[in-house]
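Data file: my_file.csv. Format and content: CSV, C-alpha atoms.
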```
chain,number,residue,atom,x,y,z
O,129,MET,CA,18.5,94.3,-42.7
O,130,THR,CA,15.1,95.9,-43.0
O,131,ARG,CA,13.4,97.7,-40.1
O,132,SER,CA,10.8,94.9,-39.8
O,133,ILE,CA,13.4,92.2,-39.7
O,134,ARG,CA,15.4,94.2,-37.1
O,135,LEU,CA,12.3,94.5,-35.0
O,136,PHE,CA,11.5,90.8,-35.5
O,137,SER,CA,15.0,89.8,-34.6
O,138,ALA,CA,15.0,92.0,-31.6
O,139,ALA,CA,11.8,90.3,-30.4
O,140,LEU,CA,13.3,86.9,-31.0
O,141,SER,CA,16.4,87.9,-29.1
O,142,VAL,CA,14.3,88.8,-26.1
O,143,VAL,CA,12.6,85.4,-26.2
O,144,PHE,CA,15.9,83.6,-26.7
O,145,LEU,CA,17.6,85.5,-23.9
O,146,ALA,CA,14.7,84.8,-21.5
O,147,ALA,CA,14.8,81.1,-22.4
O,148,CYS,CA,18.5,80.5,-22.5
O,149,GLY,CA,20.2,83.4,-20.8
O,150,GLY,CA,22.7,83.6,-23.6
O,151,PRO,CA,23.9,86.6,-25.7
O,152,LYS,CA,22.4,87.4,-29.0
O,153,SER,CA,24.6,86.2,-31.9
O,154,ASP,CA,25.8,88.8,-34.4
O,155,ALA,CA,26.5,86.0,-36.9
O,156,VAL,CA,24.5,84.8,-39.9
O,157,LYS,CA,22.6,81.8,-38.4
O,158,ILE,CA,21.8,78.8,-40.6
O,159,GLY,CA,19.7,76.0,-39.3
O,160,MET,CA,20.5,72.3,-39.9
O,161,ASN,CA,17.5,69.9,-39.6
O,162,LEU,CA,19.2,66.5,-39.7
O,163,GLU,CA,18.6,62.8,-39.1
O,164,LEU,CA,21.3,62.4,-36.4
O,165,THR,CA,19.4,59.6,-34.7
O,166,GLY,CA,16.8,57.1,-35.7
O,167,ASP,CA,17.0,54.7,-38.7
O,168,ILE,CA,19.6,56.6,-40.8
O,169,PRO,CA,22.1,58.3,-38.5
O,170,ALA,CA,24.9,58.0,-41.0
O,171,VAL,CA,23.0,60.4,-43.3
O,172,GLY,CA,22.7,63.0,-40.6
O,173,ALA,CA,26.3,62.6,-39.6
O,174,SER,CA,27.6,63.1,-43.1
O,175,SER,CA,25.5,66.2,-43.6
O,176,LYS,CA,26.6,67.7,-40.3
O,177,ASN,CA,30.3,67.0,-41.1
O,178,ALA,CA,30.2,68.6,-44.5
O,179,ALA,CA,28.4,71.7,-43.4
O,180,GLU,CA,30.8,72.2,-40.5
O,181,LEU,CA,33.7,71.8,-42.8
O,182,PHE,CA,32.3,74.2,-45.4
O,183,PHE,CA,31.5,77.0,-42.9
O,184,GLU,CA,34.8,76.5,-41.0
O,185,GLN,CA,36.6,77.2,-44.3
O,186,ILE,CA,34.3,80.3,-44.9
O,187,ASN,CA,34.8,81.7,-41.4
O,188,LYS,CA,38.6,81.3,-41.7
O,189,GLU,CA,38.4,83.5,-44.7
O,190,GLY,CA,36.5,86.1,-42.7
O,191,GLY,CA,32.9,85.0,-43.2
O,192,VAL,CA,30.2,85.8,-45.8
O,193,ALA,CA,30.5,89.1,-47.6
O,194,LEU,CA,27.6,91.4,-46.7
O,195,GLU,CA,26.9,95.1,-47.2
O,196,GLY,CA,28.7,96.8,-44.2
O,197,GLY,CA,31.3,94.1,-43.9
O,198,PRO,CA,31.7,90.3,-43.6
O,199,LYS,CA,29.9,88.2,-41.0
O,200,LYS,CA,30.8,84.8,-39.6
O,201,VAL,CA,28.3,82.0,-40.1
O,202,GLU,CA,26.9,80.2,-37.1
O,203,LEU,CA,25.3,76.7,-37.6
O,204,VAL,CA,22.3,75.8,-35.4
O,205,VAL,CA,22.2,72.0,-35.6
O,206,ARG,CA,19.1,70.1,-34.5
O,207,ASP,CA,18.2,66.4,-34.6
O,208,ASN,CA,14.9,65.4,-36.3
O,209,GLY,CA,15.3,61.7,-35.3
O,210,ALA,CA,14.4,60.7,-38.9
O,211,LYS,CA,10.8,61.2,-38.0
O,212,ALA,CA,8.3,63.3,-40.0
O,213,ASP,CA,6.6,65.0,-37.0
O,214,GLN,CA,9.9,65.8,-35.3
O,215,ALA,CA,11.3,67.2,-38.6
O,216,ALA,CA,8.4,69.6,-38.8
O,217,SER,CA,8.8,70.6,-35.1
O,218,VAL,CA,12.5,71.2,-35.6
O,219,ALA,CA,11.7,73.4,-38.7
O,220,GLN,CA,9.3,75.4,-36.6
O,221,GLN,CA,11.8,75.9,-33.8
O,222,LEU,CA,14.7,76.9,-36.0
O,223,ILE,CA,12.7,79.4,-37.9
O,224,SER,CA,10.5,80.9,-35.2
O,225,SER,CA,12.7,80.6,-32.1
O,226,GLN,CA,16.3,80.5,-33.3
O,227,GLY,CA,15.8,83.1,-36.0
O,228,VAL,CA,17.8,81.4,-38.7
O,229,VAL,CA,18.0,83.1,-42.0
O,230,ALA,CA,17.7,79.7,-43.8
O,231,MET,CA,17.6,76.0,-43.2
O,232,ILE,CA,19.6,73.1,-44.7
O,233,GLY,CA,17.9,69.7,-44.5
O,234,PRO,CA,16.2,67.5,-43.8
O,235,ASN,CA,17.6,64.8,-46.1
O,236,SER,CA,15.1,62.0,-46.2
O,237,SER,CA,11.9,62.8,-48.2
O,238,ALA,CA,9.7,61.6,-45.3
O,239,CYS,CA,11.2,64.4,-43.2
O,240,ALA,CA,11.8,67.0,-46.0
O,241,ILE,CA,8.2,67.1,-47.1
O,242,PRO,CA,6.6,68.2,-43.8
O,243,ALA,CA,9.6,70.4,-42.9
O,244,GLY,CA,9.2,72.1,-46.4
O,245,GLU,CA,5.5,72.8,-45.6
O,246,ILE,CA,6.6,74.7,-42.4
O,247,ALA,CA,9.4,76.6,-44.2
O,248,GLU,CA,7.0,77.6,-47.0
O,249,SER,CA,4.3,78.8,-44.6
O,250,LEU,CA,6.9,80.8,-42.5
O,251,LYS,CA,8.6,82.2,-45.7
O,252,CYS,CA,12.1,80.9,-44.8
O,253,VAL,CA,14.4,79.3,-47.4
O,254,MET,CA,14.9,75.6,-47.0
O,255,MET,CA,17.3,73.5,-49.1
O,256,SER,CA,17.3,69.7,-48.8
O,257,PRO,CA,20.6,68.2,-50.0
O,258,TRP,CA,19.3,64.7,-50.6
O,259,SER,CA,15.5,64.5,-50.8
O,260,THR,CA,14.5,63.3,-54.3
O,261,ASN,CA,10.7,63.2,-53.9
O,262,PRO,CA,8.9,65.7,-56.2
O,263,ARG,CA,6.5,66.6,-53.3
O,264,THR,CA,9.4,68.2,-51.4
O,265,THR,CA,9.5,71.2,-53.6
O,266,THR,CA,5.9,71.1,-54.9
O,267,ASP,CA,2.8,72.7,-53.4
O,268,THR,CA,0.5,69.7,-52.9
O,269,THR,CA,-2.6,71.9,-53.2
O,270,SER,CA,-1.9,73.8,-56.4
O,271,GLY,CA,0.8,71.6,-57.9
O,272,ALA,CA,3.0,74.7,-58.4
O,273,PRO,CA,6.6,74.9,-57.2
O,274,LYS,CA,7.1,76.1,-53.7
O,275,ARG,CA,8.7,79.6,-53.5
O,276,TYR,CA,11.0,78.9,-50.5
O,277,VAL,CA,12.0,75.3,-50.9
O,278,PHE,CA,14.9,74.1,-53.0
O,279,ARG,CA,17.0,70.9,-53.3
O,280,GLY,CA,20.5,70.0,-54.1
O,281,CYS,CA,19.9,66.7,-55.9
O,282,PHE,CA,18.1,65.2,-58.9
O,283,THR,CA,14.5,63.9,-58.5
O,284,ASP,CA,12.8,60.5,-58.4
O,285,PRO,CA,11.5,60.5,-62.0
O,286,PHE,CA,15.0,61.0,-63.4
O,287,GLU,CA,16.4,58.4,-61.1
O,288,ALA,CA,13.8,55.9,-62.1
O,289,LEU,CA,14.6,56.5,-65.8
O,290,VAL,CA,18.3,56.0,-65.1
O,291,LEU,CA,17.8,52.7,-63.3
O,292,ALA,CA,15.3,51.3,-65.7
O,293,LYS,CA,17.5,52.0,-68.8
O,294,PHE,CA,20.6,50.8,-67.0
O,295,ALA,CA,18.8,47.5,-66.1
O,296,LEU,CA,17.5,47.0,-69.7
O,297,ASN,CA,20.5,48.2,-71.7
O,298,ASN,CA,23.5,47.5,-69.5
O,299,LEU,CA,22.4,44.4,-67.6
O,300,GLY,CA,20.2,43.0,-70.4
O,301,ALA,CA,17.4,42.5,-67.8
O,302,LYS,CA,13.9,42.0,-69.2
O,303,ARG,CA,12.1,40.7,-66.1
O,304,ALA,CA,12.3,42.7,-62.8
O,305,ALA,CA,11.0,42.2,-59.3
O,306,VAL,CA,10.4,45.0,-56.9
O,307,LEU,CA,10.4,44.9,-53.0
O,308,TYR,CA,9.8,48.1,-51.1
O,309,ASP,CA,8.7,49.6,-47.8
O,310,VAL,CA,5.0,50.5,-48.2
O,311,ALA,CA,5.1,52.8,-45.2
O,312,SER,CA,8.0,55.0,-46.3
O,313,GLU,CA,7.5,58.0,-48.6
O,314,ALA,CA,10.5,57.8,-51.0
O,315,PRO,CA,10.4,54.0,-51.6
O,316,VAL,CA,6.7,54.1,-52.4
O,317,ALA,CA,7.3,56.8,-55.1
O,318,GLN,CA,10.4,55.2,-56.5
O,319,SER,CA,8.9,51.8,-56.8
O,320,ALA,CA,5.9,53.2,-58.8
O,321,LEU,CA,8.1,55.3,-61.0
O,322,PHE,CA,10.5,52.4,-61.7
O,323,LYS,CA,7.6,50.1,-62.6
O,324,GLU,CA,6.1,52.7,-65.0
O,325,THR,CA,9.5,53.5,-66.6
O,326,PHE,CA,10.7,49.9,-66.9
O,327,THR,CA,7.6,48.6,-68.6
O,328,ALA,CA,7.4,51.7,-70.8
O,329,ASN,CA,10.8,50.9,-72.1
O,330,GLY,CA,10.1,47.2,-72.9
O,331,GLY,CA,10.6,45.4,-69.6
O,332,GLU,CA,8.2,43.3,-67.5
O,333,ILE,CA,7.5,43.6,-63.7
O,334,VAL,CA,7.1,39.9,-62.6
O,335,ALA,CA,6.7,40.6,-58.9
O,336,PHE,CA,5.8,43.7,-56.9
O,337,GLU,CA,6.1,43.0,-53.2
O,338,THR,CA,5.9,45.2,-50.1
O,339,PHE,CA,6.9,45.2,-46.4
O,340,THR,CA,6.4,47.6,-43.6
O,341,THR,CA,9.0,49.7,-41.7
O,342,GLY,CA,10.6,47.6,-38.9
O,343,ASP,CA,9.9,44.2,-40.5
O,344,LYS,CA,12.8,41.7,-40.2
O,345,ASP,CA,11.4,38.6,-41.9
O,346,PHE,CA,11.1,39.0,-45.7
O,347,SER,CA,10.9,35.2,-46.5
O,348,ALA,CA,7.3,35.3,-47.8
O,349,GLN,CA,8.0,38.1,-50.3
O,350,LEU,CA,11.3,36.7,-51.4
O,351,THR,CA,9.8,33.3,-52.0
O,352,ASN,CA,7.2,34.9,-54.3
O,353,ILE,CA,10.0,36.7,-56.0
O,354,ARG,CA,12.0,33.5,-56.5
O,355,GLU,CA,9.0,31.8,-58.1
O,356,ALA,CA,8.6,34.7,-60.5
O,357,ASN,CA,12.2,34.1,-61.8
O,358,PRO,CA,13.3,37.8,-62.3
O,359,ASP,CA,16.5,38.9,-64.0
O,360,ILE,CA,17.1,41.6,-61.3
O,361,ILE,CA,15.5,42.7,-58.0
O,362,PHE,CA,14.9,46.5,-57.4
O,363,LEU,CA,15.2,47.4,-53.8
O,364,PRO,CA,14.2,51.1,-53.3
O,365,THR,CA,15.0,51.0,-49.6
O,366,TYR,CA,17.3,52.8,-47.3
O,367,TYR,CA,20.8,51.4,-46.7
O,368,ASN,CA,19.9,49.9,-43.3
O,369,ASP,CA,17.2,47.6,-44.8
O,370,VAL,CA,19.2,46.2,-47.7
O,371,PRO,CA,21.7,43.9,-45.9
O,372,LEU,CA,19.0,41.8,-44.2
O,373,ILE,CA,16.9,41.5,-47.4
O,374,ALA,CA,20.0,40.5,-49.4
O,375,GLN,CA,21.1,37.9,-46.8
O,376,GLN,CA,17.6,36.2,-46.7
O,377,ALA,CA,17.5,36.3,-50.5
O,378,ARG,CA,20.8,34.5,-50.9
O,379,ARG,CA,19.7,31.9,-48.3
O,380,LEU,CA,16.7,31.2,-50.5
O,381,GLY,CA,19.0,30.6,-53.5
O,382,ILE,CA,18.2,33.9,-55.3
O,383,ASN,CA,21.4,34.9,-57.0
O,384,VAL,CA,20.3,37.6,-59.5
O,385,PRO,CA,21.7,41.2,-59.0
O,386,PHE,CA,20.0,43.7,-56.8
O,387,ILE,CA,19.7,47.3,-58.0
O,388,GLY,CA,18.9,50.3,-55.7
O,389,SER,CA,18.4,54.0,-55.4
O,390,ASP,CA,20.6,56.7,-53.9
O,391,ALA,CA,19.3,55.7,-50.5
O,392,TRP,CA,22.0,53.0,-50.6
O,393,SER,CA,24.8,55.5,-50.7
O,394,SER,CA,26.1,55.1,-47.1
O,395,PRO,CA,29.3,52.9,-46.8
O,396,GLU,CA,27.4,51.2,-43.9
O,397,ILE,CA,25.6,49.1,-46.5
O,398,ILE,CA,29.0,47.4,-47.3
O,399,LYS,CA,29.9,46.9,-43.6
O,400,LEU,CA,26.5,45.4,-42.9
O,401,GLY,CA,25.9,43.5,-46.1
O,402,GLY,CA,29.3,42.0,-46.9
O,403,ALA,CA,29.3,39.4,-49.6
O,404,ASP,CA,25.5,39.3,-49.9
O,405,VAL,CA,25.4,42.8,-51.5
O,406,ASP,CA,28.6,42.4,-53.5
O,407,GLY,CA,27.8,42.8,-57.2
O,408,SER,CA,24.8,45.1,-56.6
O,409,TYR,CA,24.3,48.4,-58.5
O,410,PHE,CA,22.7,51.7,-57.5
O,411,CYS,CA,22.1,55.2,-58.8
O,412,ASN,CA,24.0,57.9,-57.0
O,413,HIS,CA,24.8,61.7,-57.0
O,414,PHE,CA,28.6,61.5,-56.6
O,415,SER,CA,31.7,59.3,-57.1
O,416,THR,CA,35.1,60.1,-55.7
O,417,GLN,CA,36.5,58.2,-58.7
O,418,ILE,CA,35.5,60.8,-61.3
O,419,ALA,CA,36.0,63.9,-59.1
O,420,THR,CA,36.8,67.2,-60.7
O,421,ASP,CA,39.7,69.3,-59.3
O,422,GLU,CA,37.2,71.1,-57.0
O,423,ALA,CA,35.8,67.8,-55.8
O,424,LYS,CA,39.2,66.3,-55.2
O,425,LYS,CA,40.1,69.2,-52.9
O,426,PHE,CA,36.8,68.6,-51.0
O,427,VAL,CA,37.5,64.9,-50.7
O,428,THR,CA,41.0,65.6,-49.5
O,429,ASP,CA,39.8,68.2,-46.9
O,430,TYR,CA,36.9,66.0,-45.7
O,431,THR,CA,39.1,62.9,-45.4
O,432,ALA,CA,41.8,64.8,-43.5
O,433,LYS,CA,39.2,66.2,-41.0
O,434,TYR,CA,37.1,63.1,-40.5
O,435,GLY,CA,39.3,60.2,-41.4
O,436,GLN,CA,37.1,58.8,-44.1
O,437,ALA,CA,36.1,59.8,-47.6
O,438,PRO,CA,32.8,61.7,-48.0
O,439,ASP,CA,29.7,60.0,-49.3
O,440,ASP,CA,27.1,61.6,-51.6
O,441,VAL,CA,25.1,63.2,-48.7
O,442,ALA,CA,28.2,65.0,-47.6
O,443,ALA,CA,29.0,66.2,-51.1
O,444,LEU,CA,25.5,67.4,-51.7
O,445,THR,CA,25.4,69.1,-48.3
O,446,TYR,CA,28.7,70.9,-49.2
O,447,ASP,CA,27.1,72.1,-52.4
O,448,ALA,CA,23.9,73.2,-50.6
O,449,CYS,CA,26.1,75.3,-48.3
O,450,GLY,CA,27.9,76.8,-51.3
O,451,LEU,CA,24.6,77.7,-53.0
O,452,MET,CA,23.3,79.2,-49.8
O,453,THR,CA,26.5,81.2,-49.3
O,454,GLU,CA,26.4,82.5,-52.9
O,455,ALA,CA,22.8,83.6,-52.5
O,456,ILE,CA,23.5,85.3,-49.1
O,457,GLU,CA,26.3,87.3,-50.7
O,458,LYS,CA,24.3,88.2,-53.8
O,459,ALA,CA,21.5,89.4,-51.4
O,460,GLY,CA,24.1,91.4,-49.5
O,461,LYS,CA,22.2,91.2,-46.3
O,462,ASN,CA,21.1,88.8,-43.6
O,463,ASP,CA,17.5,88.8,-44.7
O,464,ARG,CA,15.2,85.8,-45.5
O,465,GLU,CA,13.2,87.4,-48.4
O,466,ALA,CA,16.4,88.9,-50.0
O,467,LEU,CA,18.1,85.5,-49.7
O,468,ARG,CA,15.1,83.7,-51.4
O,469,GLU,CA,15.1,86.2,-54.2
O,470,ALA,CA,18.8,85.9,-54.8
O,471,LEU,CA,18.7,82.1,-54.7
O,472,SER,CA,15.9,82.0,-57.2
O,473,GLN,CA,18.0,84.1,-59.6
O,474,ILE,CA,20.9,81.6,-59.7
O,475,ARG,CA,20.7,79.7,-63.0
O,476,GLU,CA,24.0,77.7,-62.8
O,477,TYR,CA,26.3,76.7,-60.0
O,478,LYS,CA,29.4,74.5,-60.3
O,479,GLY,CA,29.7,72.3,-57.2
O,480,VAL,CA,31.6,69.3,-56.2
O,481,THR,CA,28.8,67.0,-57.3
O,482,GLY,CA,28.6,68.6,-60.8
O,483,THR,CA,26.9,71.5,-62.4
O,484,PHE,CA,23.5,72.6,-61.1
O,485,ARG,CA,21.1,74.2,-63.6
O,486,PHE,CA,17.9,75.8,-62.4
O,487,GLU,CA,14.9,76.7,-64.6
O,488,PRO,CA,13.2,80.0,-63.6
O,489,GLY,CA,10.6,79.3,-60.9
O,490,SER,CA,11.9,75.9,-60.0
O,491,GLY,CA,13.8,74.7,-56.9
O,492,ASP,CA,14.8,71.5,-58.6
O,493,PRO,CA,18.3,71.4,-60.3
O,494,ILE,CA,18.8,69.6,-63.6
O,495,LYS,CA,21.8,67.4,-62.8
O,496,SER,CA,23.6,64.3,-64.0
O,497,ALA,CA,23.8,61.0,-62.1
O,498,VAL,CA,26.2,58.1,-61.8
O,499,VAL,CA,25.7,54.4,-61.4
O,500,LEU,CA,27.9,52.6,-58.9
O,501,GLN,CA,28.6,48.9,-58.2
O,502,ILE,CA,29.4,47.4,-54.8
O,503,LYS,CA,32.4,45.4,-55.6
O,504,ASP,CA,35.2,43.9,-53.5
O,505,GLY,CA,34.1,45.9,-50.5
O,506,ALA,CA,34.0,49.3,-52.2
O,507,PHE,CA,31.8,51.6,-54.4
O,508,GLN,CA,33.0,51.3,-57.9
O,509,TRP,CA,32.0,53.8,-60.6
O,510,VAL,CA,30.3,52.2,-63.6
O,511,THR,CA,28.8,54.9,-65.8
O,512,ASN,CA,27.4,58.4,-66.0
O,513,ALA,CA,23.8,59.3,-66.9
O,514,GLN,CA,22.9,62.7,-68.3
O,515,PRO,CA,19.5,64.4,-68.0
```
Before anything else, please render the file you have as structure tokens.
Amino acid sequence: MTRSIRLFSAALSVVFLAACGGPKSDAVKIGMNLELTGDIPAVGASSKNAAELFFEQINKEGGVALEGGPKKVELVVRDNGAKADQAASVAQQLISSQGVVAMIGPNSSACAIPAGEIAESLKCVMMSPWSTNPRTTTDTTSGAPKRYVFRGCFTDPFEALVLAKFALNNLGAKRAAVLYDVASEAPVAQSALFKETFTANGGEIVAFETFTTGDKDFSAQLTNIREANPDIIFLPTYYNDVPLIAQQARRLGINVPFIGSDAWSSPEIIKLGGADVDGSYFCNHFSTQIATDEAKKFVTDYTAKYGQAPDDVAALTYDACGLMTEAIEKAGKNDREALREALSQIREYKGVTGTFRFEPGSGDPIKSAVVLQIKDGAFQWVTNAQP
């Protein structure tokens, strides 16, 4: 630890002790900025579970290896409520008040983008396991990659290409309708990218309908879609919105397949959607059905601890923790700038979701994707998609 960091940490300790009356931790502190409440609590829960599992395993082995001896990892978990302003506030608190060396999360792009701005301005590494929006890792002023913000997943442009080609080539769909939440960051970007990619590859968008966060009645939009007679309907919405849309569509006699983004990946979509979502397809980061040996061990450990198989958010978070740990150990010290430098030098990492490859100067990994189908009450692997 450098002298400046020691002095900074000491100052933070005084503030923390005055506020909480607790002892200063000697552990490596990693912040978790998660959607534990709000619209997508299953996402935050999966992320928290995976991180706790990973660092429990690391701490049992003695902790992270640093110069001067190993240190245990302490997670500082905070709820962002799945709200952008709260995610930014949590980022500020974790970095400035809690003194974390790095932050994992948020997961939703709506939260990851503002939290990333805070992390960048305060020069603290942030890694979002699940945010696919390009703006998360990009400086919106210069267009250059952020220096301190990384992600553990593929990006929206790649996902749009995967879904457009799957619809055209695998489903034989030539006419697509799109229905998305105009007030939510990720669905807006994904709908535009899908429209661009689907038409560029020979398809036709016959309906492009919107709704607003919190809407429960989609009958007007779905009536327009029915009249446009599409072959498929693209729903780039979070898992909690899909069941109600699907139910209303089926009632209107719309029987074409739905396709969706990785935002569908929570098993809650099956519980809530039932037969109305059966037969639907979506792009994802991970499938337990094609797991490697390392991934099988993760699935076994996670299932034993939590009584259910991990979803993609859990798998991506587990990999984000692995990347962070490798960088801390390469840095050899509990220091934000040294960690950033070490993380930026990692070119390849083999995780449970596949192999990560980073180009110099980029926080976006080049990774493969999978397409899954909701069938008979489960997620079924259909195909892989390579970058």
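Remark: for Lys433 (chain O), the closest of the candidate residues O:Leu162, O:Ala513, O:Leu181, O:Leu350 is O:Leu181 (distances computed over all atoms listed in the file).
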Practice item. Considering only C-alpha atoms, return as number ranges by chain whatever protein or nucleic-acid residues lie within 10 Å of region 320-335 of chain O, sequence-local ones (same chain, fewer than 3 positions apart) excluded. Key: O: 284-296, 300-307, 315-317, 338, 349-350, 352-359, 361-362, 364
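The smallest atom-to-atom distance between Ile456 (chain O) and any of O:Leu194, O:Ile168, O:Gly505, O:Asp154, using only C-alpha atoms, is found for O:Leu194.
Compared by their closest atoms to Phe410 (chain O), and using only C-alpha atoms, the residues O:Tyr367, O:Tyr430, O:Tyr446, O:Phe336 rank with O:Tyr367 nearest.
Of the listed residues (O:Val228, O:Val441, O:Ala314, O:Cys449), O:Val228 comes nearest to Ile158 (chain O); the distances count all atoms listed in the file.
Closest approach to Ala179 (chain O) among O:Ala423, O:Ala448, O:Ile474, O:Ala455: O:Ala448, based on all atoms listed in the file.
The interatomic distance for the pair CA of Ala442 (chain O) and CA of Val171 (chain O) works out to 8.2 Å.
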Practice item. Excluding Leu250 (chain O) and any residue of its chain fewer than 2 positions from it, enumerate the residues within 10 Å of it, using only C-alpha atoms, and give them as number ranges by chain. Key: O: 219-220, 223-224, 244-248, 252-253, 276
